[in-house]
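Worksheet: the structure to be examined is printed underneath.
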Amino acid sequence: MKYMLLLYAAPDKEPAYGTPEFDEMMASFAAVSETMVNDGVFIGGEGLQGNETATSLRIKSGKVETMDGPFAETREHLGGYYVLDVPDLDTALKYAASIPIAHFGTVEVRPLLDFNQAG
Amino acid sequence: MKNAAPKAIAVNRLVEHVMRQNRGRLLAGLITRLGDFQLAEDALQEASVSALKHWGRSGPPHDPVAWLMKVSFRKGIDLIRDRQRELRKSDAIRIEALADAESKTPQIIPDERLRLIFACCHPMLEEKSRVALTLRTVCGLTTREIAAAFLDSEQTMGQRLSRAKAKIKSKGLCFAVPEPEEWDTRLGTVLSTLYLIFTSGYVNEDTGPRDLCQEGIFLARLLNELRPNEAEIKGALALMLLTDARRPARVDAHGAIVPVEDQDHRLWPEDIVAEARKILENAVRQLQPGPFQIKAAISDCHMARPTPDWPQMALLYGSLWVFEPTPVVALNWAVVLAETGQAELALQRLDELQSSLSNFQPWYAARAHILEKLGRTSEAHTVYRTAIQLAPNDASRKLLSRKVQAITI
């Protein structure tokens with residue numbers, strides 16, 4: 001079963017460069033992704049640029065409307081994601097808990113919708 | 001700090017990528033300067049940890065590989081300094097020399113991987129250690145991946161690797177490209193190590209997380225790039241590519257092995273076969289014959305269509321015999337002779353080999369096949385039975401069983 005782990009964090013809650021918390025976060029990220037790769041569950045994952053770089057698009061009455069930034073103003077921003085292939089939700093949650101962002105933000109775990117059960 | 005977490009993910013990916021692509025090259029450069037395998041590995045490890053921190057702040061440097069080399073080198077010197085407390089002054093001088101060398105380190109990193117490959121495949125090391133050390137250092141496989149490929153425990157493989165590194169250090173094994181008078185034999189050891197890596201992947205298909213066939217081809221390509229005028233390197237590369245091209249065709253839908261002459265050549269990737277033939281042509285043009293080129297040429301003739309070029313193969317086995325007068329070469333030679341209408345002679349040669357190849361399964365398979373050709377079907381039947389009993393895997397057992405069933409006594 002494939003799961004997407006969506007990483008949300010409030011920018012002002014992130015550890016600052018030069019602090020021991022920052023170094024720890026970097027080391028934890030390295031350890032987490034190495035574990036995912038070694039366990040053979042890692043499908044993909046990327047970090048996103050800040051949400052001020054977002055462009056949002058809608059079509060209203062047949063007309064494309066774009067705007068800078070995300071639609072919803074939320075305190076926590078989507079900062080990155082992982083896609084993992086694991087047997088069950090418990091395993092996905094175990095990996096989610098090891099992502100350092102869980103300490104100061106939120107990790108949302110969502111199963112991918114897969115109509116092709118055979119594959 | 002804005003965006004720290006997303007950057008952490010992105011930087012991780014970059015560091016992983018740079019390390020995967022350049023690990024061998026970085027290690028080779030570090031070992032050359034620091035003169036110590038383990039120290040170089042430790043220093044590179046520490047540098048990659050610092051890369052996560054520093055690149056995570058303001059993005060990666062302009063030249064990540066040069067950055068890693070520079071920082072690893074400094075980490076290496078720091079590590080030596082740490083150990084120095086217990087050591088004598090001679091090391092202090094060494095550090096001075098190293099620090100001096102650092103200031104002169106040019107921006108362009110010289111490629112030291114050729115030296116590294118020769119050190120990893122030093123004849124002083126055991127064959128299996130050569131394979132493991134090359135996979136670890138040049139290809140960047142983890143100890144766990146190497147252990148999985150050879151069905152060893154991670155701990156055993158780890159010990160083997162550290163023994164090999166310690167041996168290189170204690171014997172002061174020169175980390176250098178061999179002198180011209182040694183070159184041919186040392187190159188032979190390197191090529192047979194690479195070929196062993198390749199065949200390990202070919203034999204235990206799908207056992208490890210990394211495809212050792214591809215690692216073997218990667219190494220042969222690398223060596224060919226570093227020493228472009230060496231005919232035997234080209235020969236080994238061509239042989240690996242031709243063998244690899246046959247992978248999709250070598251087992252049929254029922255799981256039985258398909259002999260090369262019966263394979264559907266449309267299943268062979270055309271581009272790989274064409275590339276291999278071109279490499280082999282270039283090699284032969286250099287007029288420095290050697291066993292790998294001959295084996296590649298034999299493979300090429302075996303893959304000729306509509307039928308293999310058996311007479312040419314028989315001649316090539318004659319040339320191979322000059323380089324490798326081994327019973328296995330004699331066996332394969334005899335099999336080819338049988339295909340050129342000389343089955344009686346082939347059988348006679350096989351019988352001469354019986355004492356040196358007792359319990360060697362291919363000997364029984366070959367003998368059964370030749371007896372069948374000669375119409376001595378009931379004898380063939382018996383020998384096929386023995387060959388089936390000794391078969392190394394299901395796929396070859398299936399092929400032989402089918403042949404037995406086809407015999408009408």
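Residue names in the structure tokens use chain letters A, B, ... in the order shown, residue numbers from 1 in each chain, and ligand numbers from 1 in the order shown.
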
Using only C-alpha atoms, what table do you get, as a Markdown table, when you list each residue of chain B with an atom no more than 7 Å from chain A, its nearest pair of atoms, and their distance in Å rounded to one decimal, rows by chain then rising number?
| residue | atom | partner | partner_atom | distance |
| --- | --- | --- | --- | --- |
| B:Met1 | CA | A:Ala16 | CA | 4.7 |
| B:Lys2 | CA | A:Pro11 | CA | 5.3 |
| B:Asn3 | CA | A:Gly50 | CA | 6.2 |
| B:Ala4 | CA | A:Glu14 | CA | 6.4 |
| B:Ala5 | CA | A:Ile101 | CA | 6.8 |
| B:Pro6 | CA | A:Gly47 | CA | 4.0 |
| B:Lys7 | CA | A:Gly47 | CA | 6.0 |
| B:Ala8 | CA | A:Met26 | CA | 5.9 |
| B:Ile9 | CA | A:Gly47 | CA | 5.2 |
| B:Ala10 | CA | A:Gly47 | CA | 5.1 |
| B:Asn12 | CA | A:Ala30 | CA | 6.0 |
| B:Leu52 | CA | A:Met26 | CA | 6.3 |
| B:Lys53 | CA | A:Asp23 | CA | 6.2 |
| B:Arg57 | CA | A:Tyr17 | CA | 6.4 |

Convert the current residue selection to file output with all heavy atoms, as an mmCIF file, in the first residue's frame.
data_model
loop_
_atom_site.group_PDB
_atom_site.id
_atom_site.type_symbol
_atom_site.label_atom_id
_atom_site.label_comp_id
_atom_site.auth_asym_id
_atom_site.auth_seq_id
_atom_site.Cartn_x
_atom_site.Cartn_y
_atom_site.Cartn_z
ATOM 1 N N MET B 1 14.404 30.982 10.934
ATOM 2 C CA MET B 1 14.849 30.220 9.741
ATOM 3 C C MET B 1 13.639 29.775 8.960
ATOM 4 O O MET B 1 12.795 29.035 9.448
ATOM 5 C CB MET B 1 15.642 28.998 10.221
ATOM 6 C CG MET B 1 16.015 28.031 9.126
ATOM 7 S SD MET B 1 17.349 28.662 8.134
ATOM 8 C CE MET B 1 16.985 27.898 6.584
ATOM 9 N N LYS B 2 13.567 30.239 7.721
ATOM 10 C CA LYS B 2 12.407 29.901 6.922
ATOM 11 C C LYS B 2 12.694 28.659 6.074
ATOM 12 O O LYS B 2 13.802 28.502 5.560
ATOM 13 C CB LYS B 2 12.081 31.074 6.015
ATOM 14 C CG LYS B 2 10.605 31.337 6.030
ATOM 15 C CD LYS B 2 10.245 32.551 5.250
ATOM 16 C CE LYS B 2 8.797 32.384 4.842
ATOM 17 N NZ LYS B 2 8.460 33.047 3.640
ATOM 18 N N ASN B 3 11.707 27.837 5.941
ATOM 19 C CA ASN B 3 11.842 26.718 5.020
ATOM 20 C C ASN B 3 12.899 25.696 5.404
ATOM 21 O O ASN B 3 13.425 25.017 4.535
ATOM 22 C CB ASN B 3 12.212 27.240 3.634
ATOM 23 C CG ASN B 3 10.982 27.378 2.784
ATOM 24 O OD1 ASN B 3 9.955 26.790 3.089
ATOM 25 N ND2 ASN B 3 11.095 28.146 1.728
ATOM 26 N N ALA B 4 13.232 25.612 6.658
ATOM 27 C CA ALA B 4 14.317 24.723 7.052
ATOM 28 C C ALA B 4 14.007 23.271 6.705
ATOM 29 O O ALA B 4 14.843 22.564 6.146
ATOM 30 C CB ALA B 4 14.594 24.859 8.541
ATOM 31 N N ALA B 5 12.789 22.830 7.007
ATOM 32 C CA ALA B 5 12.470 21.419 6.802
ATOM 33 C C ALA B 5 12.457 21.034 5.321
ATOM 34 O O ALA B 5 13.078 20.048 4.937
ATOM 35 C CB ALA B 5 11.147 21.089 7.481
ATOM 36 N N PRO B 6 11.785 21.825 4.468
ATOM 37 C CA PRO B 6 11.840 21.477 3.038
ATOM 38 C C PRO B 6 13.265 21.458 2.513
ATOM 39 O O PRO B 6 13.628 20.573 1.728
ATOM 40 C CB PRO B 6 11.035 22.594 2.362
ATOM 41 C CG PRO B 6 10.175 23.148 3.415
ATOM 42 C CD PRO B 6 10.864 22.941 4.716
ATOM 43 N N LYS B 7 14.070 22.415 2.969
ATOM 44 C CA LYS B 7 15.460 22.430 2.513
ATOM 45 C C LYS B 7 16.186 21.176 2.974
ATOM 46 O O LYS B 7 17.025 20.641 2.255
ATOM 47 C CB LYS B 7 16.186 23.664 3.048
ATOM 48 C CG LYS B 7 16.000 24.867 2.158
ATOM 49 C CD LYS B 7 16.867 25.991 2.654
ATOM 50 C CE LYS B 7 16.486 27.295 1.991
ATOM 51 N NZ LYS B 7 16.888 28.434 2.823
ATOM 52 N N ALA B 8 15.855 20.751 4.185
ATOM 53 C CA ALA B 8 16.507 19.546 4.696
ATOM 54 C C ALA B 8 16.250 18.368 3.759
ATOM 55 O O ALA B 8 17.155 17.593 3.446
ATOM 56 C CB ALA B 8 15.995 19.230 6.096
ATOM 57 N N ILE B 9 15.007 18.264 3.278
ATOM 58 C CA ILE B 9 14.688 17.157 2.367
ATOM 59 C C ILE B 9 15.468 17.310 1.067
ATOM 60 O O ILE B 9 16.097 16.376 0.572
ATOM 61 C CB ILE B 9 13.176 17.117 2.060
ATOM 62 C CG1 ILE B 9 12.380 16.941 3.352
ATOM 63 C CG2 ILE B 9 12.859 15.975 1.097
ATOM 64 C CD1 ILE B 9 10.882 16.991 3.142
ATOM 65 N N ALA B 10 15.443 18.539 0.516
ATOM 66 C CA ALA B 10 16.088 18.770 -0.775
ATOM 67 C C ALA B 10 17.603 18.562 -0.678
ATOM 68 O O ALA B 10 18.215 17.948 -1.560
ATOM 69 C CB ALA B 10 15.766 20.179 -1.256
ATOM 70 N N ASN B 12 19.204 16.735 1.501
ATOM 71 C CA ASN B 12 19.452 15.311 1.652
ATOM 72 C C ASN B 12 19.521 14.594 0.323
ATOM 73 O O ASN B 12 20.380 13.762 0.084
ATOM 74 C CB ASN B 12 18.296 14.696 2.432
ATOM 75 C CG ASN B 12 18.721 14.341 3.810
ATOM 76 O OD1 ASN B 12 19.573 13.483 3.953
ATOM 77 N ND2 ASN B 12 18.179 15.011 4.793
ATOM 78 N N LEU B 52 25.189 18.445 4.913
ATOM 79 C CA LEU B 52 23.764 18.583 5.225
ATOM 80 C C LEU B 52 23.511 19.881 5.976
ATOM 81 O O LEU B 52 22.579 20.614 5.685
ATOM 82 C CB LEU B 52 23.299 17.401 6.080
ATOM 83 C CG LEU B 52 23.261 16.045 5.395
ATOM 84 C CD1 LEU B 52 22.947 14.961 6.405
ATOM 85 C CD2 LEU B 52 22.220 16.046 4.289
ATOM 86 N N LYS B 53 24.387 20.143 6.966
ATOM 87 C CA LYS B 53 24.209 21.344 7.784
ATOM 88 C C LYS B 53 24.413 22.607 6.962
ATOM 89 O O LYS B 53 23.583 23.490 6.940
ATOM 90 C CB LYS B 53 25.249 21.347 8.904
ATOM 91 C CG LYS B 53 24.832 20.588 10.113
ATOM 92 C CD LYS B 53 25.839 20.866 11.213
ATOM 93 C CE LYS B 53 26.203 19.599 11.939
ATOM 94 N NZ LYS B 53 27.389 19.755 12.775
ATOM 95 N N ARG B 57 21.588 25.548 5.012
ATOM 96 C CA ARG B 57 21.354 26.944 5.336
ATOM 97 C C ARG B 57 21.125 27.759 4.070
ATOM 98 O O ARG B 57 20.096 28.361 3.876
ATOM 99 C CB ARG B 57 22.522 27.522 6.106
ATOM 100 C CG ARG B 57 22.276 29.008 6.366
ATOM 101 C CD ARG B 57 23.275 29.599 7.273
ATOM 102 N NE ARG B 57 24.608 29.571 6.684
ATOM 103 C CZ ARG B 57 25.592 30.359 7.089
ATOM 104 N NH1 ARG B 57 25.406 31.185 8.084
ATOM 105 N NH2 ARG B 57 26.774 30.291 6.540
#

All residues 7 Å or closer to segment 84-89 of chain A, only C-alpha atoms, same chain fewer than 3 positions away omitted, as a PDB file with C-alpha atoms, in the first residue's frame:
ATOM      1  CA  MET A   1       0.000   0.000   0.000  1.00  0.00           C
ATOM      2  CA  LYS A   2       1.331   3.408  -0.900  1.00  0.00           C
ATOM      3  CA  TYR A   3       1.032   6.360   1.461  1.00  0.00           C
ATOM      4  CA  MET A   4       1.832  10.020   1.051  1.00  0.00           C
ATOM      5  CA  VAL A  41       9.936   1.564   1.212  1.00  0.00           C
ATOM      6  CA  PHE A  42      11.038   4.878  -0.319  1.00  0.00           C
ATOM      7  CA  ILE A  43       9.223   5.755  -3.559  1.00  0.00           C
ATOM      8  CA  ALA A  92       3.445   4.417   7.643  1.00  0.00           C
ATOM      9  CA  LEU A  93       2.785   6.103  10.989  1.00  0.00           C
TER      10      LEU A  93
END

Within 8 Å of segment 305-315 of chain B, counting only C-alpha atoms, which residues qualify if same-chain residues fewer than 3 places away don't, as a compact mmCIF listing (two decimals) with all heavy atoms, in the first residue's frame?
# COMPACT_ATOMS: atom_id res chain seq x y z
N GLU B 261 22.76 -21.10 -28.76
CA GLU B 261 22.45 -21.34 -30.18
C GLU B 261 20.95 -21.44 -30.44
O GLU B 261 20.51 -21.26 -31.57
CB GLU B 261 23.19 -22.59 -30.70
CG GLU B 261 22.92 -23.89 -29.95
CD GLU B 261 23.88 -24.13 -28.78
OE1 GLU B 261 24.39 -23.14 -28.20
OE2 GLU B 261 24.10 -25.30 -28.44
N HIS B 265 17.09 -14.51 -31.00
CA HIS B 265 17.97 -13.34 -30.98
C HIS B 265 17.20 -12.03 -30.98
O HIS B 265 17.75 -10.98 -30.67
CB HIS B 265 18.93 -13.37 -32.17
CG HIS B 265 18.27 -13.14 -33.49
ND1 HIS B 265 17.67 -14.15 -34.20
CD2 HIS B 265 18.07 -12.02 -34.20
CE1 HIS B 265 17.14 -13.65 -35.31
NE2 HIS B 265 17.37 -12.36 -35.33
N ILE B 298 34.53 -15.46 -29.07
CA ILE B 298 33.82 -16.74 -29.07
C ILE B 298 32.32 -16.49 -28.83
O ILE B 298 31.46 -17.05 -29.52
CB ILE B 298 34.39 -17.69 -27.98
CG1 ILE B 298 35.80 -18.14 -28.37
CG2 ILE B 298 33.48 -18.89 -27.77
CD1 ILE B 298 36.55 -18.90 -27.28
N CYS B 301 30.75 -15.15 -31.97
CA CYS B 301 30.50 -16.19 -32.98
C CYS B 301 29.32 -17.09 -32.56
O CYS B 301 28.55 -17.55 -33.40
CB CYS B 301 31.72 -17.09 -33.15
SG CYS B 301 33.11 -16.24 -33.87
N HIS B 302 29.22 -17.33 -31.25
CA HIS B 302 28.15 -18.17 -30.73
C HIS B 302 26.79 -17.51 -30.98
O HIS B 302 25.77 -18.16 -31.16
CB HIS B 302 28.36 -18.38 -29.23
CG HIS B 302 27.78 -19.66 -28.71
ND1 HIS B 302 28.05 -20.14 -27.46
CD2 HIS B 302 26.93 -20.56 -29.27
CE1 HIS B 302 27.39 -21.27 -27.28
NE2 HIS B 302 26.71 -21.55 -28.36
N GLY B 318 41.27 -22.80 -29.80
CA GLY B 318 42.69 -23.14 -29.94
C GLY B 318 43.58 -22.01 -29.46
O GLY B 318 44.57 -22.22 -28.75
N SER B 319 43.21 -20.76 -29.79
CA SER B 319 44.00 -19.62 -29.34
C SER B 319 43.85 -19.39 -27.84
O SER B 319 44.81 -19.02 -27.16
CB SER B 319 43.58 -18.33 -30.04
OG SER B 319 43.24 -18.57 -31.36
N TRP B 333 35.95 -26.43 -25.66
CA TRP B 333 36.53 -26.64 -26.99
C TRP B 333 35.96 -27.92 -27.61
O TRP B 333 35.52 -27.94 -28.75
CB TRP B 333 38.06 -26.70 -26.84
CG TRP B 333 38.81 -26.64 -28.12
CD1 TRP B 333 38.31 -26.54 -29.39
CD2 TRP B 333 40.24 -26.67 -28.26
NE1 TRP B 333 39.33 -26.50 -30.30
CE2 TRP B 333 40.53 -26.58 -29.63
CE3 TRP B 333 41.31 -26.76 -27.35
CZ2 TRP B 333 41.84 -26.59 -30.12
CZ3 TRP B 333 42.60 -26.76 -27.84
CH2 TRP B 333 42.86 -26.68 -29.22
N VAL B 336 32.45 -27.59 -28.87
CA VAL B 336 32.39 -26.89 -30.15
C VAL B 336 32.82 -27.83 -31.29
O VAL B 336 32.21 -27.86 -32.36
CB VAL B 336 33.27 -25.62 -30.11
CG1 VAL B 336 33.44 -25.03 -31.50
CG2 VAL B 336 32.65 -24.59 -29.18
N LEU B 337 33.85 -28.63 -31.04
CA LEU B 337 34.31 -29.58 -32.06
C LEU B 337 33.18 -30.52 -32.47
O LEU B 337 33.01 -30.83 -33.66
CB LEU B 337 35.50 -30.40 -31.54
CG LEU B 337 36.84 -29.66 -31.50
CD1 LEU B 337 37.90 -30.56 -30.88
CD2 LEU B 337 37.27 -29.22 -32.90
N GLU B 339 30.18 -29.90 -32.66
CA GLU B 339 29.24 -29.19 -33.54
C GLU B 339 29.80 -29.03 -34.96
O GLU B 339 29.09 -28.66 -35.87
CB GLU B 339 28.89 -27.81 -32.98
CG GLU B 339 28.20 -27.83 -31.62
CD GLU B 339 26.87 -28.56 -31.63
OE1 GLU B 339 26.20 -28.55 -32.69
OE2 GLU B 339 26.51 -29.14 -30.60
N THR B 340 31.12 -29.22 -35.11
CA THR B 340 31.70 -29.07 -36.44
C THR B 340 31.84 -30.43 -37.13
O THR B 340 32.67 -30.60 -38.03
CB THR B 340 33.09 -28.40 -36.38
OG1 THR B 340 33.95 -29.23 -35.58
CG2 THR B 340 33.03 -27.02 -35.80

Once DSSP has gone over the backbone, tell me which residues of chain A are in strand (DSSP E or B), as a PyMOL selection string.
-> chain A and resi 2-9+42-47+55-60+63-68+77-85+105-111

Residues at most 10 Å from Ser56 of chain A, counting only C-alpha atoms, excluding those fewer than 5 positions away in the same chain, as a count of residues only?
-> 7

So which residues touch Ser356 of chain B within 10 Å, counting only C-alpha atoms, skipping near sequence neighbours fewer than 4 positions away, as a PDB file with all heavy atoms, in the first residue's frame?
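Wrote it out as result.pdb, contents follow:
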ATOM      1  N   THR B 326      43.340 -24.793 -19.396  1.00  0.00           N
ATOM      2  CA  THR B 326      42.627 -25.377 -18.258  1.00  0.00           C
ATOM      3  C   THR B 326      41.638 -26.424 -18.745  1.00  0.00           C
ATOM      4  O   THR B 326      41.204 -26.393 -19.899  1.00  0.00           O
ATOM      5  CB  THR B 326      41.823 -24.292 -17.507  1.00  0.00           C
ATOM      6  OG1 THR B 326      40.816 -23.776 -18.402  1.00  0.00           O
ATOM      7  CG2 THR B 326      42.700 -23.142 -17.059  1.00  0.00           C
ATOM      8  N   PRO B 327      41.270 -27.344 -17.869  1.00  0.00           N
ATOM      9  CA  PRO B 327      40.303 -28.374 -18.266  1.00  0.00           C
ATOM     10  C   PRO B 327      38.974 -27.786 -18.732  1.00  0.00           C
ATOM     11  O   PRO B 327      38.337 -28.352 -19.626  1.00  0.00           O
ATOM     12  CB  PRO B 327      40.101 -29.187 -16.980  1.00  0.00           C
ATOM     13  CG  PRO B 327      41.279 -28.899 -16.129  1.00  0.00           C
ATOM     14  CD  PRO B 327      41.780 -27.550 -16.507  1.00  0.00           C
ATOM     15  N   VAL B 328      38.555 -26.672 -18.132  1.00  0.00           N
ATOM     16  CA  VAL B 328      37.267 -26.097 -18.520  1.00  0.00           C
ATOM     17  C   VAL B 328      37.314 -25.586 -19.964  1.00  0.00           C
ATOM     18  O   VAL B 328      36.368 -25.781 -20.734  1.00  0.00           O
ATOM     19  CB  VAL B 328      36.846 -24.969 -17.548  1.00  0.00           C
ATOM     20  CG1 VAL B 328      35.587 -24.273 -18.044  1.00  0.00           C
ATOM     21  CG2 VAL B 328      36.614 -25.529 -16.157  1.00  0.00           C
ATOM     22  N   GLU B 352      39.445 -37.944 -21.974  1.00  0.00           N
ATOM     23  CA  GLU B 352      40.756 -37.611 -21.402  1.00  0.00           C
ATOM     24  C   GLU B 352      40.619 -36.671 -20.203  1.00  0.00           C
ATOM     25  O   GLU B 352      41.497 -36.613 -19.346  1.00  0.00           O
ATOM     26  CB  GLU B 352      41.641 -36.934 -22.461  1.00  0.00           C
ATOM     27  CG  GLU B 352      42.143 -37.903 -23.525  1.00  0.00           C
ATOM     28  CD  GLU B 352      42.654 -37.179 -24.773  1.00  0.00           C
ATOM     29  OE1 GLU B 352      42.845 -35.950 -24.722  1.00  0.00           O
ATOM     30  OE2 GLU B 352      42.820 -37.861 -25.807  1.00  0.00           O
ATOM     31  N   PHE B 360      32.111 -32.471 -12.109  1.00  0.00           N
ATOM     32  CA  PHE B 360      31.847 -31.167 -12.716  1.00  0.00           C
ATOM     33  C   PHE B 360      30.648 -31.346 -13.642  1.00  0.00           C
ATOM     34  O   PHE B 360      30.744 -31.991 -14.693  1.00  0.00           O
ATOM     35  CB  PHE B 360      33.102 -30.708 -13.469  1.00  0.00           C
ATOM     36  CG  PHE B 360      33.006 -29.299 -14.015  1.00  0.00           C
ATOM     37  CD1 PHE B 360      32.890 -28.212 -13.157  1.00  0.00           C
ATOM     38  CD2 PHE B 360      33.059 -29.059 -15.379  1.00  0.00           C
ATOM     39  CE1 PHE B 360      32.826 -26.916 -13.651  1.00  0.00           C
ATOM     40  CE2 PHE B 360      32.995 -27.764 -15.888  1.00  0.00           C
ATOM     41  CZ  PHE B 360      32.878 -26.691 -15.019  1.00  0.00           C
TER      42      PHE B 360
END

Enumerate the residues of segment 11-47 of chain A with a DSSP assignment of alpha helix (DSSP H), computed from the backbone, and present them as a VMD selection string.
-> chain A and resid 20 to 38

So that I have them on file, write out the residues from the current selection with N, CA and C atoms, as a short mmCIF file (atom, residue, chain, number, x, y, z; two decimals), in the first residue's frame.
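Here's the written file out_38.cif:
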data_model
loop_
_atom_site.label_atom_id
_atom_site.label_comp_id
_atom_site.auth_asym_id
_atom_site.auth_seq_id
_atom_site.Cartn_x
_atom_site.Cartn_y
_atom_site.Cartn_z
N PRO A 20 21.70 23.99 18.05
CA PRO A 20 21.83 22.52 18.10
C PRO A 20 20.57 21.85 17.55
N GLU A 21 19.41 22.50 17.72
CA GLU A 21 18.16 21.91 17.23
C GLU A 21 18.19 21.79 15.70
N PHE A 22 18.80 22.79 15.06
CA PHE A 22 18.89 22.76 13.60
C PHE A 22 19.75 21.57 13.16
N ASP A 23 20.93 21.44 13.77
CA ASP A 23 21.82 20.33 13.41
C ASP A 23 21.14 19.00 13.64
N GLU A 24 20.39 18.94 14.73
CA GLU A 24 19.71 17.68 15.06
C GLU A 24 18.65 17.37 14.00
N MET A 25 17.94 18.44 13.56
CA MET A 25 16.91 18.22 12.56
C MET A 25 17.54 17.70 11.26
N MET A 26 18.66 18.32 10.85
CA MET A 26 19.32 17.90 9.61
C MET A 26 19.77 16.45 9.72
N ALA A 27 20.38 16.11 10.85
CA ALA A 27 20.86 14.75 11.04
C ALA A 27 19.69 13.77 11.03
N SER A 28 18.56 14.18 11.66
CA SER A 28 17.41 13.28 11.70
C SER A 28 16.84 13.06 10.30
N PHE A 29 16.77 14.13 9.51
CA PHE A 29 16.27 13.98 8.15
C PHE A 29 17.15 12.99 7.37
N ALA A 30 18.47 13.13 7.55
CA ALA A 30 19.38 12.23 6.84
C ALA A 30 19.13 10.79 7.28
N ALA A 31 18.98 10.61 8.60
CA ALA A 31 18.79 9.27 9.13
C ALA A 31 17.47 8.68 8.64
N VAL A 32 16.41 9.50 8.63
CA VAL A 32 15.10 9.02 8.21
C VAL A 32 15.14 8.58 6.74
N SER A 33 15.71 9.45 5.88
CA SER A 33 15.65 9.06 4.48
C SER A 33 16.54 7.85 4.21
N GLU A 34 17.64 7.76 4.93
CA GLU A 34 18.49 6.57 4.75
C GLU A 34 17.74 5.31 5.16
N THR A 35 17.02 5.39 6.29
CA THR A 35 16.25 4.24 6.75
C THR A 35 15.19 3.85 5.72
N MET A 36 14.49 4.88 5.20
CA MET A 36 13.45 4.58 4.21
C MET A 36 14.02 3.88 2.98
N VAL A 37 15.16 4.38 2.51
CA VAL A 37 15.78 3.78 1.33
C VAL A 37 16.26 2.37 1.65
N ASN A 38 16.94 2.22 2.78
CA ASN A 38 17.46 0.90 3.15
C ASN A 38 16.35 -0.12 3.38
#

Near Glu215 of chain B, counting only C-alpha atoms, which residues have an atom at most 9 Å away, once you skip same-chain residues fewer than 4 positions from it, shown as an MDAnalysis selection string?
-> chainID B and resid 135 139 194 197:198 201 210:211 219:220

Residues at most 10 Å from Ala119 of chain B, counting only C-alpha atoms, excluding those fewer than 6 positions away in the same chain, as a compact mmCIF listing (two decimals) with C-alpha atoms, in the first residue's frame?
# COMPACT_ATOMS: atom_id res chain seq x y z
CA ALA B 28 40.26 7.71 -4.51
CA ARG B 113 40.19 5.96 -9.38
CA LEU B 125 44.23 -9.74 -1.00
CA ARG B 130 39.03 -7.91 -3.68
CA LEU B 133 36.48 -3.94 -1.36
CA THR B 134 35.97 -2.90 -4.98
CA ILE B 168 46.52 -2.65 2.88
CA LEU B 173 50.64 -1.56 0.04
CA CYS B 174 51.45 0.99 -2.56
CA PHE B 175 48.46 2.93 -3.69
CA ALA B 176 49.68 3.37 -7.20
CA VAL B 177 49.23 2.30 -10.76
CA PRO B 178 51.64 -0.61 -11.32
CA ARG B 186 48.17 -6.77 -12.30
CA VAL B 190 41.83 -6.52 -11.88

Could you check how far atom CA of Gln84 of chain B sits from atom CA of Ala166 of chain B, in Å to one decimal?
->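 If I compute the distance from atom CA of Gln84 of chain B to atom CA of Ala166 of chain B, I get 18.7 Å.
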